[in-house]
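**Student:** Dumping the structure here so I can ask a few things about it.
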Amino acid sequence: MWAEVSEMILEEATPSTDQELNPWHAAEIRFDEAAERLGLDDGLRKILRSPATEITVHIPVQLDDGRLEVFTGYRVQHSIARGPAKGGIRFAPDVTLDEVRALASWMTWKCAVVNIPFGGAKGGVVCDPSVLSQGELERITRRYTAELIDFIGPERDVPAPDMNTNEQTMAWIMDTYSMHKRSTVTAVVTGKPFQLGGSRGRREATGRGCMIVALQALRKFGLEPNETRVVIQGFGNVGGMAAKLMARAGFKIVCVIEVDGAVYNPHGLDIPALMAHRAETGSILDFKEAENLPREEALYLDCDILLPAAKENVITSHNADRIRAKILCEGANGPTTAAADRILEERKIFVVPDILANAGGVTVSYFEWVQDREGFFWNEQLVNGRLEEIMVNSFRDVVAYAEKHGVNNRTAAYMLALDRVAFAIKLRGIYA
Ligand code: GLU
């Protein structure tokens, strides 16, 4: 009976590309399948299916040339059942409310999978950071924060960096919030500069988490890192850090894919040299001892691990049959559509789903929040050790759950997460 349900749900997702590419739709499909398999009651389903709070703000900002522009910003708090809402803020020209909704719900499930005491949220501002000056970005960030002042806070909703936002953005948010509160409140955001209450190891945390789960997945195939060919899509905070740490751990990073193309060396790329090359030339292309490849071709290379660490919807019903990796380790949020899941499953590709694979970032965000509230800071060894323990245990929990219930890893991760969040809601009861 369950199989029928998932067939039906997935078939619905295949015909229309628009439908398949809407991240909120993808989130709903995964949610429905996990809820169905768990036998979750209707009421809880209704609660968990809809985001708790959605805020849209239109923020006026003066540009450097004196003109006034109005930017649209969102903050969606999907759930606060297990603790304060938690999740990043992204700046991008194509951000939509549906995307932010999906990303907020994925934060709820992600925090539950690694069992840290947070709910899920996400924010987005529709803007193109590539054409904005630092001053303009600062004014956008501060005004966006000011509009959200009553909705965020250490016990309420704790933002963090995401696509096109960074430590500097978090410093501006922290300062704006603190000015309004008339005292310095470091725990209002995570991913801050270390000098302002940030945590050791936060910058590398998402990439490090990817490496830790990739190592666990390798064991399933009896492979050692030095015999493992890795293709990484994205060379930003997640992909770049994962590449650096994995190369250091002995993995052969044979290909890195970026927006303008890919570089390939079957013997493994020298990652620190590739980073220096990009810093110098502005692109990864034309790197010595590597061949330039078109992006599409690179994604379909024969490899052991494919690590998409860029955007949503990279692996869809149109190309999932061309992926030739043994392991798909999802560094990005939502890189695989729900319709592609089925194809990957049929092809027996071992998927480490995003809500597990990229949870290292929010896990160290949790450590940062704890350190800020305690006013006592840990050394990097302690941070990394605790991160490893959480990632390894969560990987084992998800894989054991999948094996026990005969489902794929993604469904197992969702089931585990939904169960934990539903349990919290039941314990708290419904306030009336
Ligand atoms: N933006 C990151 C994510 O998608 C980090 C969120 C956080 O640390 O709160 O997981």
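Residues are named by chain letter and number: chains run A, B, ... in the order of the structure tokens, numbers start at 1 in each chain, and ligands are numbered from 1 in the order shown.
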Please, which residues have at least one atom within 7 Å of an atom of ligand 1, using only C-alpha atoms and all ligand atoms, listed as a list in words?

**Tutor:**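 If we count only C-alpha atoms and all ligand atoms, the neighbours of ligand 1 turn out to be Lys86, Gly87, Gly88, Ile89, Met107, Val158, Pro159, Ala160, Pro161, Asp162, Thr190, Gly191, Asn333, Asn358, Ala359, Gly361, Val362, Thr363 and Ser365 of chain A.
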
**Student:** Which region 83-181 of chain A residues have any atom within 10 Å of an atom of region 383-390 of chain A, and for each, what is the nearest pair of atoms with distance in Å to one decimal, counting only C-alpha atoms, rows sorted by chain and number, as JSON lines?

**Tutor:**
```
{"residue": "A:Val113", "atom": "CA", "partner": "A:Ile390", "partner_atom": "CA", "distance": 9.9}
{"residue": "A:Val114", "atom": "CA", "partner": "A:Ile390", "partner_atom": "CA", "distance": 6.5}
{"residue": "A:Asn115", "atom": "CA", "partner": "A:Ile390", "partner_atom": "CA", "distance": 8.4}
{"residue": "A:Ile116", "atom": "CA", "partner": "A:Ile390", "partner_atom": "CA", "distance": 9.3}
```

**Student:** Any chance you could tabulate, as a Markdown table, the residues of region 242-308 of chain A at most 8 Å from region 194-208 of chain A with each one's nearest atom pair and distance in Å to one decimal, using only C-alpha atoms, in chain and rising number order?

**Tutor:**
```
| residue | atom | partner | partner_atom | distance |
| --- | --- | --- | --- | --- |
| A:Ala242 | CA | A:Gly207 | CA | 3.9 |
| A:Ala243 | CA | A:Gly207 | CA | 7.7 |
| A:Leu245 | CA | A:Arg208 | CA | 6.7 |
```

**Student:** Quick one: of A:Ala85, A:Ala146, A:Ala92, A:Ala27, who's nearest to Val57 (chain A), counting only C-alpha atoms?

**Tutor:**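 Ranked by minimum distance to Val57 (chain A), first place goes to A:Ala146.
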
**Student:** Could you please determine the separation between CA of Tyr300 (chain A) and CA of Val231 (chain A) in Å, to one decimal place?

**Tutor:**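 So the answer is 9.3 Å.
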
**Student:** Please report, as CSV, each residue of region 35-114 of chain A lying at most 7 Å from region 420-425 of chain A, together with the nearest pair of atoms and the separation in Å rounded to one decimal; use only C-alpha atoms, and order rows by chain and ascending residue number.

**Tutor:**
```
residue,atom,partner,partner_atom,distance
A:Leu44,CA,A:Ala422,CA,6.7
A:Ala81,CA,A:Ile425,CA,5.8
A:Arg82,CA,A:Ala424,CA,6.1
A:Ala112,CA,A:Arg420,CA,6.4
```
